[in-house]
Amino acid sequence: MTERKSPTAVLHEGPRALTDAQVREIEESDLQGVLDVDIDDVIEYVHKDLKSLPDFTTLYRKYLKQRWDVYDLDFTQDKIDWNEKMTADERESFIAISSGFHHGERQVEIELPVFMIGASEEEKLHIAAQIEDEARHTVFFDRFYREVVGMEGDDIMSVLDASFPWVSETFVGPFGLLAYQADELRQNPYDERARVRYGTNYFLWIEGVLALSVMKVTLSYARWRGFLPAYYTGFTATCRDESRHVQGGMKYLQDAVRKDPSMINEIHDTLRTILSLAGVASRRIYFEPLGWTEDEVTMLFFQQLRRKLNDVGIDLAPDLEEMLQFVQPQLAGG
Amino acid sequence: MTETKFFSPEWADAVRAALIAGPSAEAKEGKLQEYWDFYDMIKSLYPASWALGCRSLPAELGKGPAYLFVSWGGGTVTECRIIGPDDPLDATYVLKMDYADWKALYDGYDAQRTVMYRKILLEDGKLLEFFKTIYFFVESLAIIGRVPAAYPELALR
């Protein structure tokens, strides 16, 4: 966290190439070294391989090198920053955003196993690794809420219960859909069309658009203010994990459409449902204390979605293009 | 005066009145007007029906399986009644939930997590269509769950 550039400094620049040294730093940093990795570089890194997606075995091998121990993080300084340095407005905005992630990580952890049943053997390795990643991310937020925010609870669910009042009513849109899609797969795990619909919601929308956008908002704030070093370290490492998840998910969708071009209809139908819900907000979140405006967050959402679709080669139907005009930021991810 | 029993015809009548009346001022508090405008817009156009089932219904409330059938049209509830095990089940969306979770909803558990944690599940119907109006369904489920009724304790198993 040596740089102090503003949270939105990179937003208006558009896609940029990473140097070999930057890629090496992202891929090879141990947990302690992640503190010095720039979150904007990690977000860029997510897109680096989208045009020529790595195979699932390569992603699994990356996982083995990049996994980190969530219990190695020391939140002592974060607690001081939270209680003594951050303003009440900053804390309120931060928790309004991060609570969607607290619950989102739990949801993407528990809804993923059923998707593995119908996957290829190589993809199963990658999904098994992803489930472990998501479990670790769930513990990361559990620790953050207990040790920094100061929420108490006897177990993981009671801490989730404590942060639930900050979760927006619209959270049930993508995450409730994911729960029901997982149940659909539980009943018929080899239904390829149901798997593509599930993958569109999970990998393209929740991980590729929502998660990366929210990560960038809170992490660029922490970097800008020089606060919350353990949060920055753990969540940036989480973002590096997400790069593998998004790449694996986009590979799955790309392969499915190449094998059967009519699968694009399943992607479009799923996006139709998601976008019909994404135009509504139930709460007003103030991004300004974290250095963002609502328009900038909306722009970030568009950028994340457009880049995934363009890089993977998925075109949108005209009615979906129109629906995109009404999308509002959803403050959650997984 | 005898208290209305859960999943009785009288309870279904009270549910109908509550759904037509819509969310209370307390429920509306803290949520943006645009969210409620969306809810009202869906309510005015909603053309579908729900069969909301209850698993493990206590014997004193009737023999299961039983469903609360709610049909919508013209911005209001056109039908709201209990469907017994011998009646035909014909609804756009069929969902089911354990008796204990119905009771938890009545006791104050929130409707959003009732859906998100799969306490209530879609058993029949088009999933993507159902979710296009999920906010309307969740708010309606919250209304249904709070309608006063007698919920007998389940016998220990």
# chains A, B, ... in the order shown; residues from 1 in each chain; ligands from 1

$ interface_residues --of "chain A" --to "chain B" --cutoff "10 Å" --atoms "only C-alpha atoms" --output "ChimeraX atom specification"
/A:107,164,168-184,197,269-284

$ write_last_selection --atoms "C-alpha atoms" --output "mmCIF file, in the first residue's frame"
data_model
loop_
_atom_site.group_PDB
_atom_site.id
_atom_site.type_symbol
_atom_site.label_atom_id
_atom_site.label_comp_id
_atom_site.auth_asym_id
_atom_site.auth_seq_id
_atom_site.Cartn_x
_atom_site.Cartn_y
_atom_site.Cartn_z
ATOM 1 C CA GLN A 107 -23.633 -18.179 -0.749
ATOM 2 C CA PHE A 164 -27.697 -9.072 7.768
ATOM 3 C CA SER A 168 -29.997 -4.836 0.712
ATOM 4 C CA GLU A 169 -33.404 -6.370 -0.089
ATOM 5 C CA THR A 170 -32.300 -6.751 -3.711
ATOM 6 C CA PHE A 171 -29.594 -9.234 -2.677
ATOM 7 C CA VAL A 172 -32.189 -11.985 -3.094
ATOM 8 C CA GLY A 173 -32.229 -11.307 -6.852
ATOM 9 C CA PRO A 174 -28.943 -12.875 -7.985
ATOM 10 C CA PHE A 175 -28.224 -14.860 -4.802
ATOM 11 C CA GLY A 176 -31.729 -16.266 -4.340
ATOM 12 C CA LEU A 177 -31.704 -17.185 -8.017
ATOM 13 C CA LEU A 178 -28.371 -18.936 -7.498
ATOM 14 C CA ALA A 179 -29.802 -20.942 -4.595
ATOM 15 C CA TYR A 180 -32.758 -22.062 -6.703
ATOM 16 C CA GLN A 181 -30.534 -22.779 -9.703
ATOM 17 C CA ALA A 182 -28.369 -24.968 -7.452
ATOM 18 C CA ASP A 183 -31.510 -26.818 -6.425
ATOM 19 C CA GLU A 184 -32.413 -27.240 -10.097
ATOM 20 C CA ARG A 197 -27.967 -20.700 -16.875
ATOM 21 C CA ASP A 269 -32.543 -15.613 -20.933
ATOM 22 C CA THR A 270 -30.615 -15.627 -17.653
ATOM 23 C CA LEU A 271 -29.348 -12.088 -18.243
ATOM 24 C CA ARG A 272 -32.925 -11.005 -19.044
ATOM 25 C CA THR A 273 -34.023 -12.124 -15.577
ATOM 26 C CA ILE A 274 -31.000 -10.610 -13.855
ATOM 27 C CA LEU A 275 -31.233 -7.284 -15.680
ATOM 28 C CA SER A 276 -34.974 -6.990 -15.098
ATOM 29 C CA LEU A 277 -34.159 -7.000 -11.374
ATOM 30 C CA ALA A 278 -30.991 -4.926 -11.599
ATOM 31 C CA GLY A 279 -32.809 -1.712 -12.418
ATOM 32 C CA VAL A 280 -34.241 -1.419 -8.901
ATOM 33 C CA ALA A 281 -32.573 -0.376 -5.651
ATOM 34 C CA SER A 282 -34.132 -0.729 -2.212
ATOM 35 C CA ARG A 283 -31.606 1.370 -0.293
ATOM 36 C CA ARG A 284 -29.528 4.423 -1.045
#

$ select_by_dssp --residues "range 1-156 of chain B" --states "helix (DSSP H, G or I)" --output "VMD selection string"
chain B and resid 9 to 21 25 to 28 33 to 45 59 to 61 99 to 106 111 to 116 127 to 132 134 to 145

$ residues_around --residues "Thr238 in chain A" --least-positions-apart "4" --cutoff "7 Å" --atoms "only C-alpha atoms" --output "ChimeraX atom specification"
/A:137,234,242

$ write_last_selection --atoms "C-alpha atoms" --output "PDB file, in the first residue's frame"
ATOM      1  CA  HIS A 137     -13.133 -16.069   1.879  1.00  0.00           C
ATOM      2  CA  GLY A 234      -6.767 -10.615   2.437  1.00  0.00           C
ATOM      3  CA  GLU A 242     -11.463 -14.565  -8.169  1.00  0.00           C
TER       4      GLU A 242
END

$ residues_around --residues "Thr78 in chain B" --least-positions-apart "4" --cutoff "12 Å" --atoms "only C-alpha atoms" --output "number ranges by chain"
B: 13, 16-17, 19-20, 46-50, 69-74

$ select_by_dssp --residues "range 41-156 of chain B" --states "strand (DSSP E or B)" --output "mmCIF file with C-alpha atoms, in the first residue's frame"
data_model
loop_
_atom_site.group_PDB
_atom_site.id
_atom_site.type_symbol
_atom_site.label_atom_id
_atom_site.label_comp_id
_atom_site.auth_asym_id
_atom_site.auth_seq_id
_atom_site.Cartn_x
_atom_site.Cartn_y
_atom_site.Cartn_z
ATOM 1 C CA SER B 49 -50.755 -18.058 -9.339
ATOM 2 C CA TRP B 50 -48.871 -19.655 -6.467
ATOM 3 C CA ALA B 51 -49.492 -22.894 -4.625
ATOM 4 C CA LEU B 52 -47.580 -22.530 -1.380
ATOM 5 C CA GLY B 53 -47.284 -25.883 0.315
ATOM 6 C CA CYS B 54 -46.699 -26.856 3.898
ATOM 7 C CA ARG B 55 -44.786 -30.028 4.703
ATOM 8 C CA ALA B 66 -51.889 -28.937 1.812
ATOM 9 C CA TYR B 67 -51.316 -25.769 -0.206
ATOM 10 C CA LEU B 68 -52.333 -22.145 0.021
ATOM 11 C CA PHE B 69 -53.481 -21.248 -3.478
ATOM 12 C CA VAL B 70 -53.115 -17.553 -4.397
ATOM 13 C CA SER B 71 -54.134 -16.319 -7.816
ATOM 14 C CA TRP B 72 -53.427 -12.792 -9.096
ATOM 15 C CA GLY B 73 -55.081 -10.739 -11.833
ATOM 16 C CA THR B 76 -55.611 -7.905 -6.967
ATOM 17 C CA VAL B 77 -56.002 -11.380 -5.488
ATOM 18 C CA THR B 78 -58.617 -13.199 -7.507
ATOM 19 C CA GLU B 79 -58.553 -16.410 -5.451
ATOM 20 C CA CYS B 80 -57.068 -17.381 -2.126
ATOM 21 C CA ARG B 81 -57.974 -20.754 -0.643
ATOM 22 C CA ILE B 82 -56.580 -23.916 0.860
ATOM 23 C CA ILE B 83 -56.019 -26.855 -1.461
ATOM 24 C CA TYR B 93 -45.641 -21.850 -9.495
ATOM 25 C CA VAL B 94 -45.690 -24.582 -6.869
ATOM 26 C CA LEU B 95 -43.495 -23.983 -3.824
ATOM 27 C CA LYS B 96 -43.135 -25.857 -0.560
ATOM 28 C CA MET B 97 -41.828 -25.180 2.935
ATOM 29 C CA ASP B 98 -41.689 -27.105 6.216
ATOM 30 C CA ILE B 120 -39.033 -22.446 0.614
ATOM 31 C CA LEU B 121 -38.316 -24.124 -2.710
ATOM 32 C CA LEU B 122 -39.792 -23.996 -6.183
ATOM 33 C CA GLU B 123 -41.110 -27.449 -7.010
ATOM 34 C CA ASP B 124 -42.815 -26.627 -10.287
ATOM 35 C CA ALA B 150 -52.615 -20.312 15.828
#

$ residues_around --residues "range 53-66 of chain A" --least-positions-apart "5" --cutoff "12 Å" --atoms "only C-alpha atoms" --output "tab-separated table (two decimals) with N, CA and C atoms, in the first residue's frame"
chain	number	residue	atom	x	y	z
A	24	ARG	N	4.09	-10.95	-12.80
A	24	ARG	CA	4.86	-11.80	-11.86
A	24	ARG	C	4.54	-11.43	-10.42
A	25	GLU	N	4.47	-10.13	-10.16
A	25	GLU	CA	4.21	-9.68	-8.79
A	25	GLU	C	2.84	-10.18	-8.32
A	26	ILE	N	1.85	-10.11	-9.21
A	26	ILE	CA	0.49	-10.57	-8.84
A	26	ILE	C	0.49	-12.08	-8.64
A	27	GLU	N	1.09	-12.80	-9.56
A	27	GLU	CA	0.99	-14.26	-9.53
A	27	GLU	C	1.83	-14.88	-8.42
A	28	GLU	N	2.96	-14.25	-8.10
A	28	GLU	CA	3.91	-14.94	-7.24
A	28	GLU	C	4.02	-14.36	-5.83
A	29	SER	N	3.34	-13.27	-5.55
A	29	SER	CA	3.45	-12.68	-4.20
A	29	SER	C	2.88	-13.63	-3.15
A	30	ASP	N	3.61	-13.76	-2.04
A	30	ASP	CA	3.02	-14.49	-0.92
A	30	ASP	C	2.05	-13.54	-0.20
A	31	LEU	N	1.38	-14.02	0.85
A	31	LEU	CA	0.34	-13.21	1.48
A	31	LEU	C	0.88	-11.86	1.96
A	33	GLY	N	3.36	-10.21	0.77
A	33	GLY	CA	3.67	-9.39	-0.39
A	33	GLY	C	2.44	-8.81	-1.06
A	34	VAL	N	1.29	-9.44	-0.86
A	34	VAL	CA	0.06	-8.96	-1.51
A	34	VAL	C	-0.28	-7.54	-1.06
A	46	VAL	N	-7.38	-9.98	-14.02
A	46	VAL	CA	-8.53	-10.87	-14.23
A	46	VAL	C	-8.83	-11.00	-15.72
A	47	HIS	N	-8.67	-9.86	-16.43
A	47	HIS	CA	-9.03	-9.84	-17.86
A	47	HIS	C	-7.90	-10.29	-18.77
A	48	LYS	N	-6.70	-10.39	-18.22
A	48	LYS	CA	-5.52	-10.66	-19.05
A	48	LYS	C	-5.69	-11.92	-19.91
A	119	ALA	N	-19.50	-31.72	-14.24
A	119	ALA	CA	-18.32	-31.14	-14.89
A	119	ALA	C	-17.37	-32.23	-15.38
A	120	SER	N	-16.45	-31.83	-16.29
A	120	SER	CA	-15.39	-32.75	-16.74
A	120	SER	C	-14.44	-33.02	-15.57
A	121	GLU	N	-13.61	-34.03	-15.69
A	121	GLU	CA	-12.70	-34.37	-14.58
A	121	GLU	C	-11.74	-33.23	-14.29
A	122	GLU	N	-11.22	-32.58	-15.34
A	122	GLU	CA	-10.28	-31.46	-15.13
A	122	GLU	C	-10.99	-30.28	-14.47
A	123	GLU	N	-12.21	-30.04	-14.92
A	123	GLU	CA	-12.95	-28.92	-14.34
A	123	GLU	C	-13.28	-29.21	-12.87
A	124	LYS	N	-13.47	-30.48	-12.56
A	124	LYS	CA	-13.76	-30.83	-11.15
A	124	LYS	C	-12.61	-30.40	-10.24
A	125	LEU	N	-11.36	-30.55	-10.72
A	125	LEU	CA	-10.21	-30.12	-9.91
A	125	LEU	C	-10.32	-28.62	-9.62
A	126	HIS	N	-10.61	-27.87	-10.69
A	126	HIS	CA	-10.71	-26.41	-10.56
A	126	HIS	C	-11.87	-26.02	-9.63
A	127	ILE	N	-13.01	-26.69	-9.76
A	127	ILE	CA	-14.16	-26.34	-8.92
A	127	ILE	C	-13.90	-26.72	-7.46
A	128	ALA	N	-13.26	-27.86	-7.24
A	128	ALA	CA	-12.94	-28.26	-5.87
A	128	ALA	C	-12.05	-27.20	-5.22
A	129	ALA	N	-11.07	-26.70	-5.99
A	129	ALA	CA	-10.19	-25.64	-5.49
A	129	ALA	C	-11.00	-24.37	-5.21
A	130	GLN	N	-11.93	-24.08	-6.11
A	130	GLN	CA	-12.74	-22.86	-5.93
A	130	GLN	C	-13.60	-22.95	-4.67
A	131	ILE	N	-14.14	-24.13	-4.40
A	131	ILE	CA	-14.95	-24.29	-3.18
A	131	ILE	C	-14.09	-24.00	-1.96
A	132	GLU	N	-12.85	-24.49	-1.97
A	132	GLU	CA	-11.95	-24.22	-0.83
A	132	GLU	C	-11.65	-22.73	-0.73
A	133	ASP	N	-11.42	-22.09	-1.90
A	133	ASP	CA	-11.19	-20.63	-1.91
A	133	ASP	C	-12.37	-19.91	-1.25
A	236	THR	N	-7.40	-8.44	-1.37
A	236	THR	CA	-6.68	-8.43	-2.65
A	236	THR	C	-6.28	-9.85	-3.04
A	237	ALA	N	-5.88	-10.66	-2.04
A	237	ALA	CA	-5.60	-12.07	-2.32
A	237	ALA	C	-6.88	-12.77	-2.77
A	238	THR	N	-8.01	-12.38	-2.19
A	238	THR	CA	-9.31	-12.91	-2.61
A	238	THR	C	-9.57	-12.56	-4.08
A	239	CYS	N	-9.25	-11.32	-4.44
A	239	CYS	CA	-9.45	-10.87	-5.82
A	239	CYS	C	-8.58	-11.70	-6.78
A	240	ARG	N	-7.35	-12.00	-6.35
A	240	ARG	CA	-6.48	-12.86	-7.17
A	240	ARG	C	-7.13	-14.24	-7.34
A	241	ASP	N	-7.72	-14.75	-6.28
A	241	ASP	CA	-8.45	-16.03	-6.38
A	241	ASP	C	-9.60	-15.90	-7.38
A	242	GLU	N	-10.31	-14.76	-7.29
A	242	GLU	CA	-11.46	-14.56	-8.17
A	242	GLU	C	-11.06	-14.55	-9.64
A	243	SER	N	-9.82	-14.10	-9.91
A	243	SER	CA	-9.38	-14.08	-11.31
A	243	SER	C	-9.42	-15.50	-11.88
A	244	ARG	N	-9.04	-16.49	-11.07
A	244	ARG	CA	-9.10	-17.89	-11.53
A	244	ARG	C	-10.56	-18.33	-11.69
A	245	HIS	N	-11.39	-17.90	-10.77
A	245	HIS	CA	-12.80	-18.31	-10.84
A	245	HIS	C	-13.48	-17.73	-12.09
A	246	VAL	N	-13.23	-16.45	-12.33
A	246	VAL	CA	-13.86	-15.81	-13.49
A	246	VAL	C	-13.32	-16.43	-14.78
A	247	GLN	N	-12.00	-16.65	-14.83
A	247	GLN	CA	-11.43	-17.25	-16.04
A	247	GLN	C	-12.00	-18.66	-16.26
A	248	GLY	N	-12.10	-19.44	-15.19
A	248	GLY	CA	-12.66	-20.79	-15.31
A	248	GLY	C	-14.13	-20.74	-15.74
A	249	GLY	N	-14.87	-19.82	-15.15
A	249	GLY	CA	-16.28	-19.69	-15.47
A	249	GLY	C	-16.50	-19.24	-16.91
A	250	MET	N	-15.67	-18.28	-17.36
A	250	MET	CA	-15.81	-17.80	-18.74
A	250	MET	C	-15.40	-18.90	-19.72
A	251	LYS	N	-14.42	-19.70	-19.33
A	251	LYS	CA	-14.02	-20.82	-20.20
A	251	LYS	C	-15.18	-21.82	-20.32
A	252	TYR	N	-15.83	-22.07	-19.20
A	252	TYR	CA	-16.96	-23.00	-19.23
A	252	TYR	C	-18.05	-22.48	-20.19
A	253	LEU	N	-18.40	-21.19	-20.06
A	253	LEU	CA	-19.46	-20.63	-20.91
A	253	LEU	C	-19.04	-20.59	-22.37
A	254	GLN	N	-17.78	-20.20	-22.60
A	254	GLN	CA	-17.29	-20.13	-23.98
A	254	GLN	C	-17.32	-21.52	-24.63
A	255	ASP	N	-16.84	-22.52	-23.92
A	255	ASP	CA	-16.84	-23.90	-24.45
A	255	ASP	C	-18.26	-24.38	-24.72
A	308	LYS	N	-16.12	-8.61	-19.98
A	308	LYS	CA	-16.29	-10.07	-19.96
A	308	LYS	C	-16.94	-10.54	-21.25
A	311	ASP	N	-14.55	-9.99	-24.32
A	311	ASP	CA	-13.36	-10.86	-24.33
A	311	ASP	C	-13.74	-12.31	-24.62
A	312	VAL	N	-14.90	-12.72	-24.12
A	312	VAL	CA	-15.30	-14.12	-24.31
A	312	VAL	C	-16.06	-14.29	-25.63
A	313	GLY	N	-16.46	-13.17	-26.25
A	313	GLY	CA	-17.14	-13.24	-27.54
A	313	GLY	C	-18.62	-13.51	-27.43

$ atom_distance --atom1 "CA of Ser220 in chain A" --atom2 "CA of Pro289 in chain A"
12.2 Å

$ residues_around --residues "Val147 in chain B" --least-positions-apart "2" --cutoff "8 Å" --atoms "only C-alpha atoms" --output "NGL selection string"
:B and (11 or 14-15 or 18 or 106 or 143-145 or 149)

$ write_last_selection --atoms "N, CA and C atoms" --output "PDB file, in the first residue's frame"
ATOM      1  N   TRP B  11     -58.055 -18.534   7.725  1.00  0.00           N
ATOM      2  CA  TRP B  11     -56.700 -17.962   7.580  1.00  0.00           C
ATOM      3  C   TRP B  11     -56.470 -17.537   6.118  1.00  0.00           C
ATOM      4  N   ALA B  14     -58.056 -14.297   5.538  1.00  0.00           N
ATOM      5  CA  ALA B  14     -57.261 -13.206   6.133  1.00  0.00           C
ATOM      6  C   ALA B  14     -56.017 -12.919   5.279  1.00  0.00           C
ATOM      7  N   VAL B  15     -55.419 -13.952   4.714  1.00  0.00           N
ATOM      8  CA  VAL B  15     -54.259 -13.767   3.827  1.00  0.00           C
ATOM      9  C   VAL B  15     -54.672 -12.939   2.613  1.00  0.00           C
ATOM     10  N   ALA B  18     -54.968  -9.373   3.553  1.00  0.00           N
ATOM     11  CA  ALA B  18     -53.644  -8.781   3.817  1.00  0.00           C
ATOM     12  C   ALA B  18     -52.886  -8.523   2.521  1.00  0.00           C
ATOM     13  N   TYR B 106     -43.660 -16.598  10.798  1.00  0.00           N
ATOM     14  CA  TYR B 106     -44.669 -15.938  11.640  1.00  0.00           C
ATOM     15  C   TYR B 106     -44.013 -15.315  12.878  1.00  0.00           C
ATOM     16  N   ILE B 143     -45.798 -10.759   4.002  1.00  0.00           N
ATOM     17  CA  ILE B 143     -47.170 -10.402   4.406  1.00  0.00           C
ATOM     18  C   ILE B 143     -47.924 -11.653   4.852  1.00  0.00           C
ATOM     19  N   ILE B 144     -47.827 -12.704   4.043  1.00  0.00           N
ATOM     20  CA  ILE B 144     -48.556 -13.956   4.360  1.00  0.00           C
ATOM     21  C   ILE B 144     -48.081 -14.507   5.707  1.00  0.00           C
ATOM     22  N   GLY B 145     -46.756 -14.482   5.880  1.00  0.00           N
ATOM     23  CA  GLY B 145     -46.179 -15.062   7.095  1.00  0.00           C
ATOM     24  C   GLY B 145     -46.626 -14.376   8.368  1.00  0.00           C
ATOM     25  N   ALA B 149     -52.377 -16.178  13.313  1.00  0.00           N
ATOM     26  CA  ALA B 149     -52.943 -17.530  13.286  1.00  0.00           C
ATOM     27  C   ALA B 149     -52.398 -18.322  14.455  1.00  0.00           C
TER      28      ALA B 149
END

$ atom_distance --atom1 "CA of Asp110 in chain B" --atom2 "CA of Glu92 in chain A"
22.4 Å

$ closest_residue --among "A:Ile97, A:Arg143, A:Glu192, A:Asn310" --to "Ser262 in chain A" --atoms "only C-alpha atoms"
A:Glu192

$ residues_around --residues "range 56-60 of chain B" --least-positions-apart "2" --cutoff "8 Å" --atoms "only C-alpha atoms" --output "list of chain:residue names"
B:Cys54, B:Gly62, B:Lys63, B:Gly64, B:Pro65, B:Ala66, B:Asp98, B:Tyr99, B:Pro152, B:Leu154

$ decode --residues "range 55-105 of chain B" --atoms "C-alpha atoms" --output "CSV table (one decimal), in the first residue's frame"
chain,number,residue,atom,x,y,z
B,55,ARG,CA,-44.8,-30.0,4.7
B,56,SER,CA,-45.2,-31.8,8.1
B,57,LEU,CA,-48.5,-30.0,8.8
B,58,PRO,CA,-49.6,-31.0,12.4
B,59,ALA,CA,-52.4,-33.5,12.3
B,60,GLU,CA,-54.7,-31.1,14.2
B,61,LEU,CA,-54.5,-28.7,11.2
B,62,GLY,CA,-55.6,-31.3,8.7
B,63,LYS,CA,-54.1,-34.1,6.7
B,64,GLY,CA,-51.3,-33.1,4.4
B,65,PRO,CA,-50.1,-32.3,1.9
B,66,ALA,CA,-51.9,-28.9,1.8
B,67,TYR,CA,-51.3,-25.8,-0.2
B,68,LEU,CA,-52.3,-22.1,0.0
B,69,PHE,CA,-53.5,-21.2,-3.5
B,70,VAL,CA,-53.1,-17.6,-4.4
B,71,SER,CA,-54.1,-16.3,-7.8
B,72,TRP,CA,-53.4,-12.8,-9.1
B,73,GLY,CA,-55.1,-10.7,-11.8
B,74,GLY,CA,-56.0,-7.1,-12.5
B,75,GLY,CA,-53.9,-5.9,-9.6
B,76,THR,CA,-55.6,-7.9,-7.0
B,77,VAL,CA,-56.0,-11.4,-5.5
B,78,THR,CA,-58.6,-13.2,-7.5
B,79,GLU,CA,-58.6,-16.4,-5.5
B,80,CYS,CA,-57.1,-17.4,-2.1
B,81,ARG,CA,-58.0,-20.8,-0.6
B,82,ILE,CA,-56.6,-23.9,0.9
B,83,ILE,CA,-56.0,-26.9,-1.5
B,84,GLY,CA,-56.3,-30.2,0.3
B,85,PRO,CA,-54.6,-33.5,-0.6
B,86,ASP,CA,-57.6,-34.6,-2.7
B,87,ASP,CA,-57.9,-31.4,-4.7
B,88,PRO,CA,-56.2,-30.8,-8.1
B,89,LEU,CA,-53.0,-28.8,-7.9
B,90,ASP,CA,-52.9,-26.3,-10.8
B,91,ALA,CA,-50.8,-23.2,-10.3
B,92,THR,CA,-48.2,-21.3,-12.3
B,93,TYR,CA,-45.6,-21.9,-9.5
B,94,VAL,CA,-45.7,-24.6,-6.9
B,95,LEU,CA,-43.5,-24.0,-3.8
B,96,LYS,CA,-43.1,-25.9,-0.6
B,97,MET,CA,-41.8,-25.2,2.9
B,98,ASP,CA,-41.7,-27.1,6.2
B,99,TYR,CA,-44.2,-26.3,8.9
B,100,ALA,CA,-41.4,-25.2,11.2
B,101,ASP,CA,-40.2,-22.6,8.7
B,102,TRP,CA,-43.8,-21.3,8.2
B,103,LYS,CA,-43.9,-20.8,12.0
B,104,ALA,CA,-40.4,-19.2,12.0
B,105,LEU,CA,-41.7,-16.7,9.4
